[in-house]
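Printed here is upload_17.pdb (PDB, C-alpha atoms):
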```pdb
ATOM      1  CA  MET A 164     207.369 -72.757 -71.767
ATOM      2  CA  ASP A 165     209.415 -75.847 -72.592
ATOM      3  CA  GLN A 166     210.616 -78.951 -70.718
ATOM      4  CA  GLN A 167     213.780 -77.305 -69.419
ATOM      5  CA  GLN A 168     211.912 -74.287 -68.071
ATOM      6  CA  ILE A 169     209.333 -76.477 -66.341
ATOM      7  CA  SER A 170     212.058 -78.624 -64.819
ATOM      8  CA  ALA A 171     214.057 -75.595 -63.645
ATOM      9  CA  LEU A 172     211.046 -73.979 -61.949
ATOM     10  CA  LEU A 173     210.100 -77.184 -60.158
ATOM     11  CA  GLN A 174     213.727 -77.875 -59.169
ATOM     12  CA  GLN A 175     214.070 -74.426 -57.658
ATOM     13  CA  ALA A 176     210.765 -74.508 -55.771
ATOM     14  CA  LEU A 177     210.642 -78.120 -54.570
ATOM     15  CA  GLN A 178     214.223 -79.440 -54.658
ATOM     16  CA  PRO A 179     213.070 -82.896 -55.769
ATOM     17  CA  SER A 180     215.165 -86.027 -55.428
ATOM     18  CA  TYR A 181     213.823 -87.117 -58.825
ATOM     19  CA  ILE A 182     212.188 -85.183 -61.624
ATOM     20  CA  GLU A 183     211.324 -86.049 -65.193
ATOM     21  CA  VAL A 184     209.470 -83.734 -67.539
ATOM     22  CA  LEU A 185     208.197 -85.253 -70.774
ATOM     23  CA  ASN A 186     206.814 -83.280 -73.694
ATOM     24  CA  GLU A 187     203.843 -85.317 -74.871
ATOM     25  CA  SER A 188     202.555 -82.770 -77.384
ATOM     26  CA  HIS A 189     203.374 -85.151 -80.253
ATOM     27  CA  MET A 190     200.693 -87.512 -78.881
ATOM     28  CA  HIS A 191     198.023 -84.855 -79.365
ATOM     29  CA  SER A 192     196.708 -82.729 -82.206
ATOM     30  CA  SER A 193     199.238 -79.998 -81.348
ATOM     31  CA  GLY A 194     201.884 -82.158 -83.019
ATOM     32  CA  LYS A 195     205.632 -82.621 -82.868
ATOM     33  CA  GLY A 196     207.613 -79.564 -81.801
ATOM     34  CA  ALA A 197     204.757 -78.046 -79.815
ATOM     35  CA  ASN A 198     204.998 -77.176 -76.141
ATOM     36  CA  SER A 199     201.406 -77.746 -75.055
ATOM     37  CA  HIS A 200     201.116 -81.143 -73.325
ATOM     38  CA  PHE A 201     203.523 -82.292 -70.608
ATOM     39  CA  LYS A 202     203.905 -85.072 -68.072
ATOM     40  CA  VAL A 203     205.761 -84.369 -64.837
ATOM     41  CA  ILE A 204     207.043 -87.125 -62.590
ATOM     42  CA  ILE A 205     208.363 -85.599 -59.394
ATOM     43  CA  VAL A 206     209.500 -86.972 -56.047
ATOM     44  CA  ALA A 207     210.036 -84.486 -53.230
ATOM     45  CA  GLU A 208     210.050 -84.236 -49.444
ATOM     46  CA  ALA A 209     207.755 -81.227 -49.850
ATOM     47  CA  PHE A 210     204.953 -83.706 -50.632
ATOM     48  CA  ASN A 211     205.290 -85.682 -47.375
ATOM     49  CA  ALA A 212     202.450 -83.940 -45.535
ATOM     50  CA  LEU A 213     200.272 -83.260 -48.587
ATOM     51  CA  ARG A 214     197.468 -85.235 -50.185
ATOM     52  CA  ALA A 215     197.445 -85.696 -53.953
ATOM     53  CA  VAL A 216     195.175 -82.709 -54.634
ATOM     54  CA  ALA A 217     197.402 -80.348 -52.614
ATOM     55  CA  ARG A 218     200.498 -81.670 -54.407
ATOM     56  CA  HIS A 219     198.914 -80.949 -57.780
ATOM     57  CA  GLN A 220     197.833 -77.495 -56.648
ATOM     58  CA  LYS A 221     201.398 -76.748 -55.567
ATOM     59  CA  VAL A 222     202.787 -77.798 -58.964
ATOM     60  CA  TYR A 223     200.111 -75.796 -60.823
ATOM     61  CA  GLN A 224     200.923 -72.740 -58.718
ATOM     62  CA  ILE A 225     204.638 -73.022 -59.522
ATOM     63  CA  LEU A 226     203.912 -73.413 -63.244
ATOM     64  CA  GLN A 227     201.078 -70.886 -63.540
ATOM     65  CA  GLN A 228     203.097 -68.700 -65.916
ATOM     66  CA  GLY A 229     203.422 -71.674 -68.262
ATOM     67  CA  PHE A 230     199.659 -72.006 -68.541
ATOM     68  CA  GLU A 231     199.485 -68.357 -69.483
ATOM     69  CA  GLN A 232     202.139 -69.038 -72.151
ATOM     70  CA  GLY A 233     200.496 -71.989 -73.879
ATOM     71  CA  ILE A 234     200.655 -75.105 -71.726
ATOM     72  CA  HIS A 235     197.333 -76.777 -72.443
ATOM     73  CA  ALA A 236     197.619 -79.948 -70.358
ATOM     74  CA  LEU A 237     199.825 -81.225 -67.564
ATOM     75  CA  ALA A 238     199.803 -84.778 -66.214
ATOM     76  CA  ILE A 239     201.267 -84.710 -62.718
ATOM     77  CA  HIS A 240     202.680 -87.736 -60.920
ATOM     78  CA  ALA A 241     203.827 -86.360 -57.552
ATOM     79  CA  TYR A 242     205.222 -88.736 -54.938
ATOM     80  CA  THR A 243     207.005 -88.928 -51.628
ATOM     81  CA  GLU A 244     210.214 -90.994 -51.520
ATOM     82  CA  GLN A 245     208.341 -93.844 -49.860
ATOM     83  CA  GLU A 246     205.535 -93.844 -52.458
ATOM     84  CA  TRP A 247     208.043 -93.722 -55.310
ATOM     85  CA  ALA A 248     209.938 -96.716 -53.908
ATOM     86  CA  LYS A 249     206.669 -98.624 -53.463
ATOM     87  CA  LYS A 250     205.775 -97.959 -57.122
ATOM     88  CA  GLN A 251     209.228 -99.347 -58.008
ATOM     89  CA  ARG A 252     209.949 -96.074 -59.805
ATOM     90  CA  GLN A 253     207.346 -96.868 -62.480
ATOM     91  CA  VAL A 254     204.648 -94.640 -63.986
ATOM     92  CA  ILE A 255     202.093 -95.767 -66.538
ATOM     93  CA  THR A 256     202.582 -94.675 -70.124
ATOM     94  CA  SER A 257     200.263 -91.918 -71.312
ATOM     95  CA  PRO A 258     197.869 -92.864 -74.119
ATOM     96  CA  ASN A 259     197.618 -90.972 -77.394
ATOM     97  CA  CYS A 260     194.839 -88.435 -77.608
ATOM     98  CA  MET A 261     191.699 -90.022 -79.072
ATOM     99  CA  GLY A 262     191.714 -87.553 -81.936
ATOM    100  CA  HIS A 263     195.385 -88.147 -82.750
ATOM    101  CA  GLY A 264     196.086 -90.135 -85.895
ATOM    102  CA  ASP A 265     199.351 -92.110 -86.026
TER     103      ASP A 265
END
```
Is it possible to give me this structure as structure tokens?
Amino acid sequence: MDQQQISALLQQALQPSYIEVLNESHMHSSGKGANSHFKVIIVAEAFNALRAVARHQKVYQILQQGFEQGIHALAIHAYTEQEWAKKQRQVITSPNCMGHGD
């Protein structure tokens, strides 16, 4: 599963106001061109009544097929509109994997 497929599934299921899917596989031992490590930043009304754990569970459920097809890791940043505005539309940068050599 690649970035576009992840984005399309989440778009269809959650109708987010903002979504960004980043392939971070190059920051890990899987290397450039792999589809194993992703970061999802998503803002949706569907998260309004959910705590962080339930939001993550919802995203995992939507993308379950991807985990069966090789997604190894998924960093999820799931926000309501209000939370996203409060964060000033900023998410911290992911670090390189400790075993990754630059």
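The space separating atom CA of A:Asn186 from atom CA of A:Gln166 comes to 6.5 Å.
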Here's the selection I'm unsure about, the PyMOL selection byres ((chain A and resi 173) around 10); applied to the file above, which residues does it give, as a JSON list (two decimals) with C-alpha atoms, in the coordinates of the input?
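Output saved as part.json:
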```
[["chain", "number", "residue", "atom", "x", "y", "z"],
["A", 167, "GLN", "CA", 213.78, -77.31, -69.42],
["A", 168, "GLN", "CA", 211.91, -74.29, -68.07],
["A", 169, "ILE", "CA", 209.33, -76.48, -66.34],
["A", 170, "SER", "CA", 212.06, -78.62, -64.82],
["A", 171, "ALA", "CA", 214.06, -75.60, -63.64],
["A", 172, "LEU", "CA", 211.05, -73.98, -61.95],
["A", 174, "GLN", "CA", 213.73, -77.88, -59.17],
["A", 175, "GLN", "CA", 214.07, -74.43, -57.66],
["A", 176, "ALA", "CA", 210.76, -74.51, -55.77],
["A", 177, "LEU", "CA", 210.64, -78.12, -54.57],
["A", 178, "GLN", "CA", 214.22, -79.44, -54.66],
["A", 179, "PRO", "CA", 213.07, -82.90, -55.77],
["A", 182, "ILE", "CA", 212.19, -85.18, -61.62],
["A", 184, "VAL", "CA", 209.47, -83.73, -67.54],
["A", 203, "VAL", "CA", 205.76, -84.37, -64.84],
["A", 205, "ILE", "CA", 208.36, -85.60, -59.39],
["A", 221, "LYS", "CA", 201.40, -76.75, -55.57],
["A", 222, "VAL", "CA", 202.79, -77.80, -58.96],
["A", 225, "ILE", "CA", 204.64, -73.02, -59.52],
["A", 226, "LEU", "CA", 203.91, -73.41, -63.24]]
```
Could you list, as a compact mmCIF listing (two decimals) with C-alpha atoms, in the coordinates of the input, every residue within 8 Å of A:Thr243, counting only C-alpha atoms and ignoring same-chain residues fewer than 4 positions away?
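out.txt, freshly written:
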```txt
# COMPACT_ATOMS: atom_id res chain seq x y z
CA VAL A 206 209.50 -86.97 -56.05
CA ALA A 207 210.04 -84.49 -53.23
CA GLU A 208 210.05 -84.24 -49.44
CA ALA A 209 207.76 -81.23 -49.85
CA PHE A 210 204.95 -83.71 -50.63
CA ASN A 211 205.29 -85.68 -47.38
CA TRP A 247 208.04 -93.72 -55.31
```
Any chance you could work out the residue set of the PyMOL selection byres ((chain A and resi 239) around 12) here, as a ChimeraX atom specification?
/A:173,182-185,200-206,215-223,226,236-238,240-242,254-255,257
Long-range neighbours of A:Gln232 as a PyMOL selection string, 10 Å cut-off, all atoms listed in the file, 5 positions minimum in chain:
chain A and resi 164-165+198-199+227
Preceding selection exported with C-alpha atoms as a compact mmCIF listing (two decimals), in the coordinates of the input:
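Here's the written file part_37.txt:
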```txt
# COMPACT_ATOMS: atom_id res chain seq x y z
CA MET A 164 207.37 -72.76 -71.77
CA ASP A 165 209.42 -75.85 -72.59
CA ASN A 198 205.00 -77.18 -76.14
CA SER A 199 201.41 -77.75 -75.06
CA GLN A 227 201.08 -70.89 -63.54
```
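Closest approach to A:His235 from the set A:Ala212, A:Gln253, A:Ala248, A:Ser188 is made by A:Ser188, with distances taken over only C-alpha atoms.
Ranking A:Tyr181, A:Leu213, A:Gln224, A:Phe230 by their shortest atom-to-atom distance to A:Arg252, with all atoms listed in the file included, puts A:Tyr181 first.
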Quick one: stretch 240-256 of chain A with N, CA, C and O atoms, as an mmCIF file, keeping the file's coordinate frame?
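Produced file out.cif, reproduced below:
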```
data_model
loop_
_atom_site.group_PDB
_atom_site.id
_atom_site.type_symbol
_atom_site.label_atom_id
_atom_site.label_comp_id
_atom_site.auth_asym_id
_atom_site.auth_seq_id
_atom_site.Cartn_x
_atom_site.Cartn_y
_atom_site.Cartn_z
ATOM 1 N N HIS A 240 202.469 -86.553 -61.743
ATOM 2 C CA HIS A 240 202.680 -87.736 -60.920
ATOM 3 C C HIS A 240 203.622 -87.280 -59.819
ATOM 4 O O HIS A 240 204.838 -87.206 -60.025
ATOM 5 N N ALA A 241 203.060 -86.940 -58.651
ATOM 6 C CA ALA A 241 203.827 -86.360 -57.552
ATOM 7 C C ALA A 241 203.858 -87.329 -56.375
ATOM 8 O O ALA A 241 202.803 -87.719 -55.865
ATOM 9 N N TYR A 242 205.062 -87.706 -55.958
ATOM 10 C CA TYR A 242 205.222 -88.736 -54.938
ATOM 11 C C TYR A 242 206.175 -88.324 -53.827
ATOM 12 O O TYR A 242 207.066 -87.500 -54.026
ATOM 13 N N THR A 243 206.005 -88.985 -52.681
ATOM 14 C CA THR A 243 207.005 -88.928 -51.628
ATOM 15 C C THR A 243 208.049 -89.995 -51.967
ATOM 16 O O THR A 243 207.811 -90.855 -52.836
ATOM 17 N N GLU A 244 209.168 -89.966 -51.296
ATOM 18 C CA GLU A 244 210.214 -90.994 -51.520
ATOM 19 C C GLU A 244 209.654 -92.392 -51.287
ATOM 20 O O GLU A 244 209.907 -93.310 -52.062
ATOM 21 N N GLN A 245 208.889 -92.542 -50.216
ATOM 22 C CA GLN A 245 208.341 -93.844 -49.860
ATOM 23 C C GLN A 245 207.351 -94.340 -50.930
ATOM 24 O O GLN A 245 207.376 -95.509 -51.314
ATOM 25 N N GLU A 246 206.496 -93.465 -51.407
ATOM 26 C CA GLU A 246 205.535 -93.844 -52.458
ATOM 27 C C GLU A 246 206.255 -94.230 -53.743
ATOM 28 O O GLU A 246 205.880 -95.178 -54.421
ATOM 29 N N TRP A 247 207.288 -93.474 -54.086
ATOM 30 C CA TRP A 247 208.043 -93.722 -55.310
ATOM 31 C C TRP A 247 208.722 -95.082 -55.238
ATOM 32 O O TRP A 247 208.720 -95.838 -56.209
ATOM 33 N N ALA A 248 209.290 -95.413 -54.083
ATOM 34 C CA ALA A 248 209.938 -96.716 -53.908
ATOM 35 C C ALA A 248 208.905 -97.841 -54.010
ATOM 36 O O ALA A 248 209.160 -98.881 -54.635
ATOM 37 N N LYS A 249 207.738 -97.624 -53.425
ATOM 38 C CA LYS A 249 206.669 -98.624 -53.463
ATOM 39 C C LYS A 249 206.196 -98.876 -54.892
ATOM 40 O O LYS A 249 205.848 -99.992 -55.260
ATOM 41 N N LYS A 250 206.176 -97.827 -55.715
ATOM 42 C CA LYS A 250 205.775 -97.959 -57.122
ATOM 43 C C LYS A 250 206.910 -98.538 -57.970
ATOM 44 O O LYS A 250 206.768 -98.695 -59.175
ATOM 45 N N GLN A 251 208.042 -98.829 -57.322
ATOM 46 C CA GLN A 251 209.228 -99.347 -58.008
ATOM 47 C C GLN A 251 209.669 -98.421 -59.127
ATOM 48 O O GLN A 251 210.092 -98.837 -60.188
ATOM 49 N N ARG A 252 209.522 -97.121 -58.878
ATOM 50 C CA ARG A 252 209.949 -96.074 -59.805
ATOM 51 C C ARG A 252 209.338 -96.244 -61.211
ATOM 52 O O ARG A 252 209.982 -96.011 -62.218
ATOM 53 N N GLN A 253 208.064 -96.638 -61.225
ATOM 54 C CA GLN A 253 207.346 -96.868 -62.480
ATOM 55 C C GLN A 253 206.102 -95.996 -62.553
ATOM 56 O O GLN A 253 205.367 -95.876 -61.579
ATOM 57 N N VAL A 254 205.856 -95.418 -63.720
ATOM 58 C CA VAL A 254 204.648 -94.640 -63.986
ATOM 59 C C VAL A 254 204.058 -95.158 -65.284
ATOM 60 O O VAL A 254 204.788 -95.474 -66.227
ATOM 61 N N ILE A 255 202.731 -95.257 -65.326
ATOM 62 C CA ILE A 255 202.093 -95.767 -66.538
ATOM 63 C C ILE A 255 202.357 -94.843 -67.733
ATOM 64 O O ILE A 255 202.511 -93.638 -67.573
ATOM 65 N N THR A 256 202.379 -95.423 -68.889
ATOM 66 C CA THR A 256 202.582 -94.675 -70.124
ATOM 67 C C THR A 256 201.298 -93.934 -70.485
ATOM 68 O O THR A 256 200.196 -94.496 -70.370
#
```
